[in-house]
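Colleague: Got a structure here, written out as C-alpha cells. Questions coming.
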Protein chains: 6
Amino acid sequence: MNPRYAPSDASQAPRYTGIRTFARCPHVAGALDGVDAAVLGVPFDTGTSMRPGARFGPAGIRDASLLLRPWHPAHQVDVFAELSIVDAGDLTITPGNAERSAAQIAEQLEPVVRAGAMPLVLGGDHSIVLGELRAHAAVHGPLAVVLLDAHADTWDSYYGERYFHGTPFRRALEEGLIEPHRSLLAGMRGSLYGAADLDEPRGWGFEIVDCDELRGWSPARYSERVRERIGDGPAFLSFDVDVLDPAFAPATGTPEVCGLLPHEAIGFLRALRGMRFSGCDIVEFSPPYDDAGQTTALLAANVAYELLALAALAQRSR
Amino acid sequence: MNPRYAPSDASQAPRYTGIRTFARCPHVAGALDGVDAAVLGVPFDTGTSMRPGARFGPAGIRDASLLLRPWHPAHQVDVFAELSIVDAGDLTITPGNAERSAAQIAEQLEPVVRAGAMPLVLGGDHSIVLGELRAHAAVHGPLAVVLLDAHADTWDSYYGERYFHGTPFRRALEEGLIEPHRSLLAGMRGSLYGAADLDEPRGWGFEIVDCDELRGWSPARYSERVRERIGDGPAFLSFDVDVLDPAFAPATGTPEVCGLLPHEAIGFLRALRGMRFSGCDIVEFSPPYDDAGQTTALLAANVAYELLALAALAQRSR
Amino acid sequence: MNPRYAPSDASQAPRYTGIRTFARCPHVAGALDGVDAAVLGVPFDTGTSMRPGARFGPAGIRDASLLLRPWHPAHQVDVFAELSIVDAGDLTITPGNAERSAAQIAEQLEPVVRAGAMPLVLGGDHSIVLGELRAHAAVHGPLAVVLLDAHADTWDSYYGERYFHGTPFRRALEEGLIEPHRSLLAGMRGSLYGAADLDEPRGWGFEIVDCDELRGWSPARYSERVRERIGDGPAFLSFDVDVLDPAFAPATGTPEVCGLLPHEAIGFLRALRGMRFSGCDIVEFSPPYDDAGQTTALLAANVAYELLALAALAQRSR
Amino acid sequence: MNPRYAPSDASQAPRYTGIRTFARCPHVAGALDGVDAAVLGVPFDTGTSMRPGARFGPAGIRDASLLLRPWHPAHQVDVFAELSIVDAGDLTITPGNAERSAAQIAEQLEPVVRAGAMPLVLGGDHSIVLGELRAHAAVHGPLAVVLLDAHADTWDSYYGERYFHGTPFRRALEEGLIEPHRSLLAGMRGSLYGAADLDEPRGWGFEIVDCDELRGWSPARYSERVRERIGDGPAFLSFDVDVLDPAFAPATGTPEVCGLLPHEAIGFLRALRGMRFSGCDIVEFSPPYDDAGQTTALLAANVAYELLALAALAQRSR
Amino acid sequence: MNPRYAPSDASQAPRYTGIRTFARCPHVAGALDGVDAAVLGVPFDTGTSMRPGARFGPAGIRDASLLLRPWHPAHQVDVFAELSIVDAGDLTITPGNAERSAAQIAEQLEPVVRAGAMPLVLGGDHSIVLGELRAHAAVHGPLAVVLLDAHADTWDSYYGERYFHGTPFRRALEEGLIEPHRSLLAGMRGSLYGAADLDEPRGWGFEIVDCDELRGWSPARYSERVRERIGDGPAFLSFDVDVLDPAFAPATGTPEVCGLLPHEAIGFLRALRGMRFSGCDIVEFSPPYDDAGQTTALLAANVAYELLALAALAQRSR
Amino acid sequence: MNPRYAPSDASQAPRYTGIRTFARCPHVAGALDGVDAAVLGVPFDTGTSMRPGARFGPAGIRDASLLLRPWHPAHQVDVFAELSIVDAGDLTITPGNAERSAAQIAEQLEPVVRAGAMPLVLGGDHSIVLGELRAHAAVHGPLAVVLLDAHADTWDSYYGERYFHGTPFRRALEEGLIEPHRSLLAGMRGSLYGAADLDEPRGWGFEIVDCDELRGWSPARYSERVRERIGDGPAFLSFDVDVLDPAFAPATGTPEVCGLLPHEAIGFLRALRGMRFSGCDIVEFSPPYDDAGQTTALLAANVAYELLALAALAQRSR
C-alpha cells in the first residue's frame, strides 16, 4: 500500500497546479521497475475517416484527469495506493503513415508488456489498437477482445488504404493476434454500408451485440457474458468513446446517435470487477470537437480511471 | 432495387468529399420522374419567437447527413436502394414575410405531392408546416397530424401576427387542412401561458400526450395509438427537434428541459414501420446554437434518415 | 390571485424584450411589503476549487429565465399569480474574501427572511450557502438541509482556507446552523480523497444517498424519505447543478460524470409538493463553461422555477 | 455636475453585480424629466438578410457595458456626471413585421426626442433606423445622416420586401426624412450586385466614402468633412458595427472583410467632438455570432460610450 | 458578357438558399466547354503537422462564399459576367496517403489545365500544391511561384515522411516543376528550426521576403517585384491563409503571430491586376478552429473572389 | 552553445507529442544548477475583478508553446542553444487568499533569483507581480518597472481588499520594492473612475504613456525611452496581455478596446535587445475566454519566447 509512484499531493496545491500528467502521476519514461500500470499516449489520427483531431486526445485526457481523486467509492479502493502508476508520456508515431506507426507502437509497447506493467493507452484513433495488439500478442499469444464501440471496425479498406481506424480488428485477425471466438464486441449501432458489415465478422466468430440490445442488459449480464466469452486466456479491453451518446461524447471522429448513457457504460465496466486485462485503451477522443465544459474529456478521463480501478482490484485479489 | 437516383459511391472518395446534398443524393430540381422521395429545404425563420437561425437548418442537416450510410440495420433495409431519392434543393421563400412564404411553400410543394413523390422537408421554423399542409391537403384532402414536439403550436397569434411558429396547426385547422380527431400530438412539456394552452386544442379534438406520459410509453404503445388515431386517411408526420432534451438538441429556437432521449424518440419513429405518410418534415433546427460536435445536426440528419426508412419500408410492402 | 408584483406581460412584447430580471419579474430592492418570494443573486466564486465563473451565474440564470411562462402544467398552478415575486437584485459581496462575503450575505438576507419572504438565491459557488444558513437560522433556529449535489461539501479546508465551496456544511454544523439528523444529502458520486469523505459526515448524523442509489429511487420514495428526515422543523433546500450529468449541466465548477438526468432531478423536486422551505438556492452554475445553446442556464432557470412552484403550492395550501 | 440619474457606485460592489442596465444606469421608463440622454434597446432582426440574432443585441451590449467607467481620458470628461443618463429599457416591436415595427419605433421614440433627451438606440438590425428617423424628423425636420457602415443600405427591396436592413435610407429619403446633400456615408466596401449600388445614392446627393479611402483619412479630415456636409441643420449619427473588420466585430449580420480597426473608427468618432446630434444608434450586433471573449459586445458598448461622451461634450459647451 | 455559366440569381431567393456551391455557381463536373475558371476543392489534410481539419476547408469556403456578390467595386468588374465560372466539385484524394493523393490531384487537374480553364483550388493543406504544380507544369512547363505564406514550405521531410505540408516546394523543385529564380515567397515569419530553414531555399534561388519587411511594402512595390521576378513565363499563385494574422485567420493548421492584416494582403493581390496565372489556390483553412462568426471562412472566400477577379481582369484585357 | 537543459528534439516526434512543458523544455523542479532561465507558472486568479480563469493561464501557455521553434530569425539567435532553460513547474499558491499567495510566491521565487536564473513567470492575474517584485527586490534592491498593460494597476483597493489585480504596483511602491522614477508604464487606455487614476501615479514619479500615444511611437523610440528611464539599476518587465487589442487577446480578465496590434507590441519588445532584466512575466491570460483557434494562447506563448530571446541576447553579449 506504499506504491513506488504516486500522484502529487492535492492537499498541498490545487489540482490544476503543475505540469500536466495523467491524474498528476509522476512522469517516468523508460524505467519500468516498480510500475504496475503505465499510462501512455498515442497522439495519432491519420487513420480517421471523418473528423480528425484525436492526435490531441492524450493531452486532452491528461487535462481533464486532474479532477480524478484516488478513492473509488463504488469499488472501495484507493486506486493510486493499490497500484504504482506512472505517466510514461507519449509513444513516437509517424503522422501521415498509419502502417509505420502501427509498427512503432508495437515496438515501443512490447517492453512495457514484457515488464509486467499494464499499459493503459490514451488514443489516438482506433487504428492504433493494431500496434497494441501486436505488442500484447507477442508476449501473451492471441487475445480475446472486449470492445465497447459504436462500430465493429472490421472493414477491409478505405479507398485502398488498409491501415485505417475502421479496419484494425480485421488486420489483427489476419495477423493472428486475436481470437474472435473469445471476443465480445458491443455497442454497435448506426447506419451501415450493408448487412455484411456485421454479418462478416459474425461469420468469423465474433459475438456482436448491438447497442439497442446492450442497453437492455444489466451490468451483471454483460459481465457474465464477457467472462463466458473470454474464458481463461489473455484479454484486451478497448473502449471507443463513440459507444457513448454524442451528447456525452460529442468530441469524436465518427459519432453515431442513440449511444449509451455514461452510467450505463461505466456500469458495464464496473461489473468486470475481478477480471484482469493484459492491456486496455480509450480511443477516438478528438478535443477540437469538445464543448466548452469539456464533457467528452471528463468522461474519457473517468473511463481511464475505471480501467485503472479494475486493474487495482485485480492486483488486490492476487 | 436499381433506383434511378442514388447517392454517390462512398467507397470511391471520403464522404466529406463533394458538393453537399442530403446524404450525397443527386441534386435534381424540377423533374420528378422516377423520384420516390424528394428532400427539400425550407430555409425560413421569420416565424421564430425566441432564437432565430433555423434558416440555416437545411444546410446544417445536409452537412451532417454525410455520415449516413445506406443500410438501416434495425429495419434491415437499404434505404437508398429501395427508394429513388433526390435532393431537390431549397424552396423559395420570402424572409420577413411568413404569410407570403406559406403561400410560396404550398405552391412549390403541391406539384411534388401530385407527382407522387414523398416530400421530406428540412426546416426552417415550424411556421412552414402550414404551407406543407396546404400542398398535401390540396391533393389528398384533410390530413391527420402525427406530431412529436415540445409545444402543440396551436396558439392564436403573437403580438398580432397570425403566421408564426407557435400557430400553424390552428391556422391549418381554420383552413380545413387537418383533422384533429385523427391527430396525435405528443411530447408537450414546459411552462405555459395558461391551462387553456392545451385545453383548447384538446377541446377541438386533438389528442395531446405530454412528455412525462410519453416517456412512459413503449414504442409499441405509441405506434398502436398513432394507428388508432389516424385510421385509413392521409397523414402527415412532423418532427420538431425540440421534442428532444436540450442536451441532445441544443440548437433549437425554444428549447424546453426534460425532453426525450434520442433512442426514445427514434424508437417511437421505428415503431411506425409499415405506415405510409403523405409527407413529413423535421423542423426548428437552428445551427448557430449547435455545439462544436454538431450534436443537433447529427440527430436531425438521423431523424430524416429514419423518416426515409419508413418510406422505404412502406414502398417495399406495397 | 392578484399579486402585488407580477412579471411584465409577454403578450405585449417578445419575452426577450426589456431589462433582464428573473422571469421578467419587477426589480424591487429594499421594500419587502407584499412580497412572497424574493429572487436574489449572489455573484460570488472565490470559493471555487476548480473552474471559476459562478460570479456570472445570477446574470446567466436571469437571461435564460425569460423562457419561463407562468403556468406550471404538472402542478396545475400559475406560479406568478399565486405568489407575489420580485427580483431583488444581487447581494453585495467581496470578491477575494469568502469569509467576509459569508457575513455580508447573512446580514443582507436576514431581513428578507424576517419579513416572511422566501428567498430564492441564485449562486454563486456553494460557499455562499453558509451566509444563507446563518440568516435563516437566526430567524428560525437550526435547519434541516435537503441537498441535491454531486458532493457533500463537508470537507474541512483547502490549503488552509476554511471558507470554500467544499466546506460550507461543515462550517454550518460547527456554527450550529443545521441539524444533520434531519438532513438528507443526495446525488453524491465521483472519486474521493478517501472513504472518510463520506463516512465522517455520516458519522455526524447526515444521511447521504449516493447517485447510483438515488437514480433507482422513484420520486415518491425520495419525497417520503425527505419528509421523514426533516420532520416538522424548518428546512432549507439547496440545489447544486452538478447533481445533473455534465451533458445537461456542463457549465459548473467541479463536474462529475454519471449524474442525474434532468427529468429525474426535476421529478424529485416535484415530489416535494406541499412542503414549505424557509429558503432555497441553486448554485455552481458557471456561464463561461456553458455551450452555445445555453443548456445549463436553461436548466438552472427551470430548477429555480420549480422551487418557486413548490412555494406557490405551499402558499395555496395554507 | 450632480445629475439626477447616475450609475450605481462601482466602489461598493463589483461591476458584474446587479440587474443589468446600460453602464449600470438607473432603469427609468416613461418619465423623462431631468434626463439628458436615454439609452433604448430595439431588439428587432426581422430585417436581416443573412445572419439573424440582432434581437439579442441590446441585452448583449448591456452585459458588456458593465466594463464602462465614467471618466473618458481622451476627452477628459466624466460622462455620467456631465449628463443625466437613464436606461429606458426596450421599445416594443413586432417580430416578423418590419413595417409595423418601424411605425412602433417612431411612435415610442418621438416623445423622447420631443422631451429634449438624446436617444441612443441599441439595435437591432439596421431596418430600425427608419423608425428612428421618423421620430427625429417629426420634431426637427429632415436630418443629415452621418453613417459609418460597410453598406450604404440604400437598396430598394429584397424579394419584394421593402422594409429590410438594406433599404432604410432609401425609404427615409422617399419619406423626406433625410437630406442626402448634407449626409456622409463612409466605410462602404465589399462586393456589390452592380455599380449602381453606389452610383444611384451618389446620384441622389449622398457623399459615399469607401473604406479604403476612409482608412487613409486622418480623424481631423473626417471630422472636417462631416462638419462641412451637415452644416447647421439637425443630424443623426448611425454606427453599424460591420464598418469594423470582422476580426473585431465578428458578431454581425452581413460581415465584410477589410474593415476599419477599432482605434480608427473610434478616432473618427472622437474627432466629432463638439458636434451635437439629435440622436444616434449602434446597430447590427448579433450576439450568437460573438466569440467567447465577447469582442463585438465590448466594442459595441464602447462605441455607445463614445456617442454619450460626444453628447456630454456638447452639453458642456452649451 | 453573357457567360455560359453564372451564379443563381440572388434577387429571387436569399443567398443562403440552395445547394451550396462556390458563390452559388453551377456545379458542373466533367465537361469543360465554355468554362473560363473552375473552382475545385481538395479536401485533404494528411499532410498537416499540427492542427488537422483542412479536409473540411472546401465546404467551409463554399458556405462563406454565399456572401459574395458579382460586382468588384475596386476593380470595377463583374466577375461572374466577365468569366464563365463553375464549381467543379472536389477532386478525389486518398486520406492517409499524401503521396498517392498528389498523384491523384495531378491526374485529375491536368485535363482542366489542358482545356484552358483556370483552376482555382480550395485546399486542403499545402501538401496538395505538389499535385497542382505537376498538372500545370505538364501543360506549361516549369512555373514561377508567387507565394503568400507564413512558411516557405521548403523543408525536406518530417519524421521520414517526404510528402507533407511543409515540403511541397522542395519536392516541386526536385521534380523540375518550378523555377526558384522566377519565384517570390513572401510573408514568412515565426520561429524556425535554424537559420538554414530560409538560407537554403534562398541558396536555390528563391526570393524570400519576410513578413516584417513585406508589411512595409506598398501594394505597388509588391506588384512590381512580382512582375520583375516572374517575367514572361507561366506562373502559379498560392495563398496560404496563415500569411494573415491569427486574429483574422485563426482557423489554420500552423498559425504564426504578427501576420498581415486582411486589407494589406488583399491590397497585394489587387496590385497584381493585369497578370495572368496558370492557376492558383487558397490553402490551410481548417474550419474546426474557426470562430462562431466564421472570420477565417469569410476571408478565405474573399481571397478566392479576388483571385477570380484577377482572372476576370486578365480575360478582359486579352 | 551546449546548454545543460534543452527542449526535446522535434525532428523525432511531432511537437504535439509528450508531456506538456513550456516549449518542450525539461521539467526540472528544485535544482537550479546550470539553469539560465526558469519558466514558472503561477496559476492564481483570486485577484481578478471581472472575468476569472487566469488560474489556467500557465497550462494554456504551455499548450500553445509547443509551436515555438528554437531559432529566432529577427534576432538571429537560437534561444534554446544560447540559454539553458527549464520549465520549473508551478509555484504553490492559495486560491481565495491573495495576500498569503503573494507571500508564497516571494518565498519560492527568491531562491531562483538568488541562484542567478532569470525567472519568466506565466500568470495568473496581475496581483502575482507583488510576490515577484518582493523576491527580486530582496536580492537586487528596488527595481525599475517596465510595464506594457492597458491599466496602470495602481489603484488602492477594491471593496476593501488591498491585494487585487488592480493594486500591485501601489503595494510594491508602499513596500519600497520599485522605483517609480525609473519606471515606464505604457499602453494605458480605456475608461477610468476619474482623472486621478493616472494623475496620482504620475505624481509619484511613474511615467505613463497612454496607448494612443504609444501607437505612434517607433520601436526605437520606445526602446530609447525605456533605457533612459531605467538607467543602470535592476529592472523588471511585466507584460499584461490586455495591452493587446481584444481581437488578438480576447482571453483576458478586463479587456479594453483599441489596444496594440501584435506586431506593434512585439516590435517594442524586440527593440529592447541588449537589455538585461532581473525577471519578467506575462499575465492575465484567461483560457476560458479564448477562441477555438487559441489566438490569445498563441500570442502569450510568443511573448514569452520574445522575453527569453531578450535574455539569450543579453547572455550572449556578456
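Chain labels A, B, ... are given in the sequence in which chains occur in the C-alpha cells; within each chain residues are numbered consecutively from 1, and ligands are likewise numbered from 1 in the order shown.
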Give me the residues near Ile105 of chain D as a ChimeraX atom specification, where near means some atom within 12 Å (using only C-alpha atoms) and where sequence neighbours in that chain fewer than 3 positions away do not count.
Modeller: /D:40-44,90-94,98-102,108-112,119,121,123-124,127-136
Colleague: Restricting the output to N, CA and C atoms, write the selected residues as a CSV table (one decimal), in the first residue's frame.
Modeller:
chain,number,residue,atom,x,y,z
D,40,LEU,N,-31.9,53.3,-25.3
D,40,LEU,CA,-33.1,52.5,-25.5
D,40,LEU,C,-32.7,51.3,-26.4
D,41,GLY,N,-33.2,50.1,-26.1
D,41,GLY,CA,-32.9,49.0,-27.0
D,41,GLY,C,-34.1,48.8,-28.0
D,42,VAL,N,-33.7,48.3,-29.1
D,42,VAL,CA,-34.7,47.9,-30.1
D,42,VAL,C,-34.4,46.5,-30.6
D,43,PRO,N,-34.9,45.5,-29.9
D,43,PRO,CA,-34.5,44.1,-30.2
D,43,PRO,C,-35.2,43.5,-31.3
D,44,PHE,N,-34.8,43.9,-32.5
D,44,PHE,CA,-35.5,43.5,-33.7
D,44,PHE,C,-34.6,43.0,-34.8
D,90,ASP,N,-36.4,48.6,-23.4
D,90,ASP,CA,-36.5,48.3,-24.8
D,90,ASP,C,-37.9,48.9,-25.4
D,91,LEU,N,-37.8,49.3,-26.6
D,91,LEU,CA,-39.1,49.7,-27.3
D,91,LEU,C,-39.8,48.4,-27.7
D,92,THR,N,-41.1,48.5,-27.8
D,92,THR,CA,-42.0,47.4,-28.2
D,92,THR,C,-41.9,47.4,-29.7
D,93,ILE,N,-41.7,46.2,-30.2
D,93,ILE,CA,-41.7,46.0,-31.7
D,93,ILE,C,-42.5,44.7,-32.0
D,94,THR,N,-42.7,44.4,-33.2
D,94,THR,CA,-43.4,43.2,-33.6
D,94,THR,C,-42.5,42.3,-34.5
D,98,ALA,N,-41.6,44.1,-40.2
D,98,ALA,CA,-40.7,45.2,-40.2
D,98,ALA,C,-41.4,46.5,-40.4
D,99,GLU,N,-42.4,46.5,-41.2
D,99,GLU,CA,-43.2,47.8,-41.5
D,99,GLU,C,-43.9,48.3,-40.2
D,100,ARG,N,-44.6,47.4,-39.6
D,100,ARG,CA,-45.3,47.7,-38.3
D,100,ARG,C,-44.3,48.2,-37.2
D,101,SER,N,-43.2,47.5,-37.2
D,101,SER,CA,-42.2,47.8,-36.2
D,101,SER,C,-41.6,49.2,-36.4
D,102,ALA,N,-41.4,49.6,-37.6
D,102,ALA,CA,-40.9,50.9,-37.9
D,102,ALA,C,-41.9,52.0,-37.3
D,108,GLN,N,-43.0,55.5,-30.3
D,108,GLN,CA,-42.4,55.5,-29.0
D,108,GLN,C,-41.3,56.5,-28.8
D,109,LEU,N,-40.6,56.7,-29.9
D,109,LEU,CA,-39.3,57.5,-29.8
D,109,LEU,C,-39.6,59.0,-29.8
D,110,GLU,N,-40.7,59.3,-30.5
D,110,GLU,CA,-41.0,60.8,-30.8
D,110,GLU,C,-41.1,61.5,-29.4
D,111,PRO,N,-41.8,61.0,-28.4
D,111,PRO,CA,-41.9,61.8,-27.2
D,111,PRO,C,-40.5,62.0,-26.5
D,112,VAL,N,-39.6,61.0,-26.7
D,112,VAL,CA,-38.3,61.2,-26.1
D,112,VAL,C,-37.6,62.3,-26.8
D,119,PRO,N,-31.8,60.3,-27.6
D,119,PRO,CA,-31.9,58.9,-27.6
D,119,PRO,C,-30.6,58.2,-28.2
D,121,VAL,N,-29.9,54.6,-29.4
D,121,VAL,CA,-30.6,53.4,-29.6
D,121,VAL,C,-29.6,52.2,-29.8
D,123,GLY,N,-29.4,48.7,-31.4
D,123,GLY,CA,-30.2,47.8,-32.3
D,123,GLY,C,-29.9,46.4,-31.9
D,124,GLY,N,-30.6,45.5,-32.6
D,124,GLY,CA,-31.4,45.6,-33.7
D,124,GLY,C,-30.7,45.7,-35.0
D,127,SER,N,-32.8,48.0,-40.2
D,127,SER,CA,-34.1,48.5,-40.6
D,127,SER,C,-34.7,49.4,-39.6
D,128,ILE,N,-34.3,49.3,-38.3
D,128,ILE,CA,-34.9,50.1,-37.3
D,128,ILE,C,-34.7,51.6,-37.4
D,129,VAL,N,-33.6,52.0,-38.2
D,129,VAL,CA,-33.3,53.4,-38.3
D,129,VAL,C,-34.4,54.2,-38.9
D,130,LEU,N,-35.2,53.5,-39.7
D,130,LEU,CA,-36.3,54.2,-40.4
D,130,LEU,C,-37.3,54.8,-39.3
D,131,GLY,N,-37.6,54.0,-38.4
D,131,GLY,CA,-38.5,54.5,-37.3
D,131,GLY,C,-37.8,55.6,-36.5
D,132,GLU,N,-36.5,55.4,-36.2
D,132,GLU,CA,-35.8,56.5,-35.5
D,132,GLU,C,-35.9,57.8,-36.3
D,133,LEU,N,-35.6,57.7,-37.6
D,133,LEU,CA,-35.5,59.0,-38.4
D,133,LEU,C,-36.9,59.6,-38.5
D,134,ARG,N,-37.9,58.8,-38.5
D,134,ARG,CA,-39.3,59.4,-38.5
D,134,ARG,C,-39.5,60.2,-37.2
D,135,ALA,N,-39.1,59.7,-36.1
D,135,ALA,CA,-39.3,60.4,-34.8
D,135,ALA,C,-38.5,61.7,-34.8
D,136,HIS,N,-37.3,61.6,-35.2
D,136,HIS,CA,-36.4,62.8,-35.2
D,136,HIS,C,-36.9,63.9,-36.2
Colleague: Select, as a PDB file with C-alpha atoms, in the first residue's frame, those residues of chain D with any atom no more than 8 Å from chain B (distances computed using only C-alpha atoms).
Modeller:
ATOM      1  CA  THR D  46     -36.689  40.542 -38.975  1.00  0.00           C
ATOM      2  CA  GLY D  47     -34.986  42.821 -41.486  1.00  0.00           C
ATOM      3  CA  SER D  49     -30.793  39.303 -44.995  1.00  0.00           C
ATOM      4  CA  ARG D  51     -27.371  36.070 -40.165  1.00  0.00           C
ATOM      5  CA  PRO D  52     -30.146  36.852 -37.692  1.00  0.00           C
ATOM      6  CA  GLY D  53     -29.699  37.401 -33.943  1.00  0.00           C
ATOM      7  CA  THR D  94     -43.408  43.219 -33.637  1.00  0.00           C
ATOM      8  CA  PRO D  95     -41.120  40.394 -34.702  1.00  0.00           C
ATOM      9  CA  GLY D  96     -41.944  39.227 -38.184  1.00  0.00           C
ATOM     10  CA  ASN D  97     -43.277  42.606 -39.293  1.00  0.00           C
ATOM     11  CA  ALA D  98     -40.702  45.220 -40.153  1.00  0.00           C
ATOM     12  CA  TYR D 159     -37.675  39.644 -52.830  1.00  0.00           C
ATOM     13  CA  GLU D 161     -39.975  43.262 -49.240  1.00  0.00           C
ATOM     14  CA  PRO D 288     -24.955  34.456 -31.284  1.00  0.00           C
ATOM     15  CA  TYR D 289     -22.009  35.062 -33.594  1.00  0.00           C
TER      16      TYR D 289
END
Colleague: Any idea what the distance is between atom CA of Ala106 of chain B and atom CA of Glu179 of chain B?
Modeller: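 Here the two named atoms are 18.4 Å from each other.
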Colleague: Could you pull out the alpha helix (DSSP H) residues of segment 62-213 of chain D from DSSP and send them as a ChimeraX atom specification?
Modeller: /D:62-64,79-82,98-114,129-140,168-174,196-204,211-213
Colleague: At a cut-off of 10 Å, using only C-alpha atoms, what residues contact Leu32 of chain E? Leave out same-chain residues fewer than 5 positions from it and give the result as JSON, numbers by chain.
Modeller: {"E": [37, 38, 86, 88, 111, 112, 115, 116, 117]}
Colleague: Residues as selected, C-alpha atoms, written as a PDB file, in the first residue's frame, can you do that?
Modeller:
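Written output follows (result_2.pdb):
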ATOM      1  CA  ALA E  37     -12.443  29.171 -64.460  1.00  0.00           C
ATOM      2  CA  ALA E  38     -13.181  26.069 -62.455  1.00  0.00           C
ATOM      3  CA  VAL E  86     -18.265  26.627 -62.466  1.00  0.00           C
ATOM      4  CA  ALA E  88     -16.391  21.513 -60.402  1.00  0.00           C
ATOM      5  CA  PRO E 111      -7.254  17.925 -68.197  1.00  0.00           C
ATOM      6  CA  VAL E 112      -8.662  21.093 -66.670  1.00  0.00           C
ATOM      7  CA  ALA E 115      -8.732  22.606 -71.556  1.00  0.00           C
ATOM      8  CA  GLY E 116      -7.702  26.172 -70.865  1.00  0.00           C
ATOM      9  CA  ALA E 117      -9.836  26.684 -67.781  1.00  0.00           C
TER      10      ALA E 117
END
Colleague: Find the spatial neighbours of Phe169 of chain A, counting only C-alpha atoms, within a cut-off of 10 Å - ignore same-chain residues fewer than 6 positions away - and output them as a PyMOL selection string.
Modeller: chain A and resi 126-127+129-130+133+145+152-156+175+177-178+180+201
Colleague: Contacts of Ser84 of chain C at 10 Å or less, counting only C-alpha atoms, minus same-chain residues fewer than 3 places along, as a ChimeraX atom specification?
Modeller: /C:1-7,25-26,33-38,79-81,117,312
Colleague: Please, which residues of segment 17-97 of chain B, numbered as in this document, come out strand (DSSP E) from DSSP, as JSON, numbers by chain?
Modeller: {"B": [37, 38, 39, 40, 41, 42, 71, 72, 77, 78, 85, 86, 87, 88, 89, 90]}
Colleague: Would you mind exporting N, CA, C and O atoms of the selected residues as a short mmCIF file (atom, residue, chain, number, x, y, z; two decimals), in the first residue's frame?
Modeller:
data_model
loop_
_atom_site.label_atom_id
_atom_site.label_comp_id
_atom_site.auth_asym_id
_atom_site.auth_seq_id
_atom_site.Cartn_x
_atom_site.Cartn_y
_atom_site.Cartn_z
N ALA B 37 -38.84 9.84 -53.36
CA ALA B 37 -38.85 10.79 -52.24
C ALA B 37 -37.95 11.96 -52.60
O ALA B 37 -36.87 11.77 -53.15
N ALA B 38 -38.43 13.14 -52.26
CA ALA B 38 -37.65 14.35 -52.55
C ALA B 38 -37.37 15.08 -51.24
O ALA B 38 -38.30 15.41 -50.50
N VAL B 39 -36.09 15.29 -50.99
CA VAL B 39 -35.70 16.05 -49.81
C VAL B 39 -35.64 17.52 -50.22
O VAL B 39 -34.98 17.86 -51.21
N LEU B 40 -36.35 18.36 -49.47
CA LEU B 40 -36.42 19.79 -49.82
C LEU B 40 -36.14 20.63 -48.60
O LEU B 40 -36.71 20.39 -47.53
N GLY B 41 -35.34 21.64 -48.76
CA GLY B 41 -35.10 22.55 -47.65
C GLY B 41 -36.04 23.74 -47.70
O GLY B 41 -36.43 24.19 -48.78
N VAL B 42 -36.41 24.22 -46.53
CA VAL B 42 -37.18 25.47 -46.44
C VAL B 42 -36.48 26.37 -45.42
O VAL B 42 -36.77 26.36 -44.24
N TRP B 71 -27.51 1.31 -45.42
CA TRP B 71 -28.17 0.16 -44.80
C TRP B 71 -28.65 0.50 -43.39
O TRP B 71 -27.88 0.91 -42.54
N HIS B 72 -29.96 0.30 -43.17
CA HIS B 72 -30.56 0.57 -41.86
C HIS B 72 -30.65 -0.76 -41.11
O HIS B 72 -31.51 -1.59 -41.41
N VAL B 77 -33.05 -2.66 -44.10
CA VAL B 77 -33.43 -2.16 -45.40
C VAL B 77 -32.32 -1.24 -45.94
O VAL B 77 -31.70 -0.52 -45.16
N ASP B 78 -32.06 -1.33 -47.23
CA ASP B 78 -31.14 -0.40 -47.86
C ASP B 78 -31.98 0.77 -48.37
O ASP B 78 -32.63 0.69 -49.41
N ILE B 85 -34.18 8.56 -54.38
CA ILE B 85 -34.26 9.77 -53.57
C ILE B 85 -33.41 10.88 -54.18
O ILE B 85 -32.26 10.64 -54.54
N VAL B 86 -33.97 12.06 -54.26
CA VAL B 86 -33.18 13.21 -54.74
C VAL B 86 -33.18 14.31 -53.69
O VAL B 86 -34.05 14.36 -52.82
N ASP B 87 -32.19 15.14 -53.78
CA ASP B 87 -32.19 16.38 -53.02
C ASP B 87 -32.67 17.45 -53.99
O ASP B 87 -31.97 17.79 -54.95
N ALA B 88 -33.87 17.94 -53.77
CA ALA B 88 -34.45 18.89 -54.72
C ALA B 88 -34.10 20.33 -54.39
O ALA B 88 -34.70 21.27 -54.93
N GLY B 89 -33.13 20.51 -53.51
CA GLY B 89 -32.71 21.88 -53.19
C GLY B 89 -33.67 22.54 -52.22
O GLY B 89 -34.37 21.87 -51.46
N ASP B 90 -33.67 23.86 -52.23
CA ASP B 90 -34.49 24.62 -51.28
C ASP B 90 -35.67 25.28 -52.00
O ASP B 90 -35.54 25.75 -53.14
#
Colleague: Atom CA of Glu107 of chain D and atom CA of Val139 of chain D are how many Å apart?
Modeller: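 So the two atoms, atom CA of Glu107 of chain D and atom CA of Val139 of chain D, lie 11.9 Å apart.
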Colleague: Tell me which protein, DNA and RNA residues are within 6 Å of segment 251-257 of chain E, counting only C-alpha atoms, leaving out same-chain ones fewer than 5 positions away, and put them as a PyMOL selection string.
Modeller: (chain E and resi 50-51+190+242+245+284-287+289-290+296) or (chain F and resi 293)
Colleague: Dump C-alpha atoms for the selected residues as a compact mmCIF listing (two decimals), in the first residue's frame?
Modeller:
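again.txt written:
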# COMPACT_ATOMS: atom_id res chain seq x y z
CA MET E 50 -0.06 20.43 -36.16
CA ARG E 51 -3.82 21.07 -36.31
CA GLY E 190 7.72 32.94 -36.85
CA ASP E 242 -1.63 31.62 -42.40
CA ASP E 245 -2.59 37.34 -38.61
CA GLU E 284 -4.68 25.62 -45.00
CA PHE E 285 -8.11 26.77 -43.88
CA SER E 286 -9.21 24.36 -41.13
CA PRO E 287 -12.86 25.05 -40.19
CA TYR E 289 -10.68 26.09 -35.49
CA ASP E 290 -12.80 28.94 -36.81
CA THR E 296 -11.45 32.77 -41.48
CA GLY F 293 -8.08 28.89 -32.63
Colleague: Please measure the separation of atom CA of Pro70 of chain C and atom CA of Gly203 of chain B, giving the value in Å to one decimal.
Modeller: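 Going from atom CA of Pro70 of chain C over to atom CA of Gly203 of chain B covers 21.6 Å.
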Colleague: Residues at most 6 Å from segment 297-306 of chain C, counting only C-alpha atoms, excluding those fewer than 6 positions away in the same chain, as a short mmCIF file (atom, residue, chain, number, x, y, z; two decimals) with N, CA, C and O atoms, in the first residue's frame?
Modeller:
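Below you can see result.cif, which holds the result:
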data_model
loop_
_atom_site.label_atom_id
_atom_site.label_comp_id
_atom_site.auth_asym_id
_atom_site.auth_seq_id
_atom_site.Cartn_x
_atom_site.Cartn_y
_atom_site.Cartn_z
N ILE C 61 -28.66 33.02 -15.26
CA ILE C 61 -29.99 32.44 -14.97
C ILE C 61 -31.07 33.44 -15.36
O ILE C 61 -32.10 33.08 -15.92
N ALA C 64 -31.70 33.23 -19.12
CA ALA C 64 -32.44 32.04 -19.57
C ALA C 64 -33.85 32.01 -19.01
O ALA C 64 -34.73 31.33 -19.55
N SER C 65 -34.09 32.74 -17.91
CA SER C 65 -35.41 32.69 -17.27
C SER C 65 -36.48 33.39 -18.10
O SER C 65 -37.67 33.29 -17.79
#
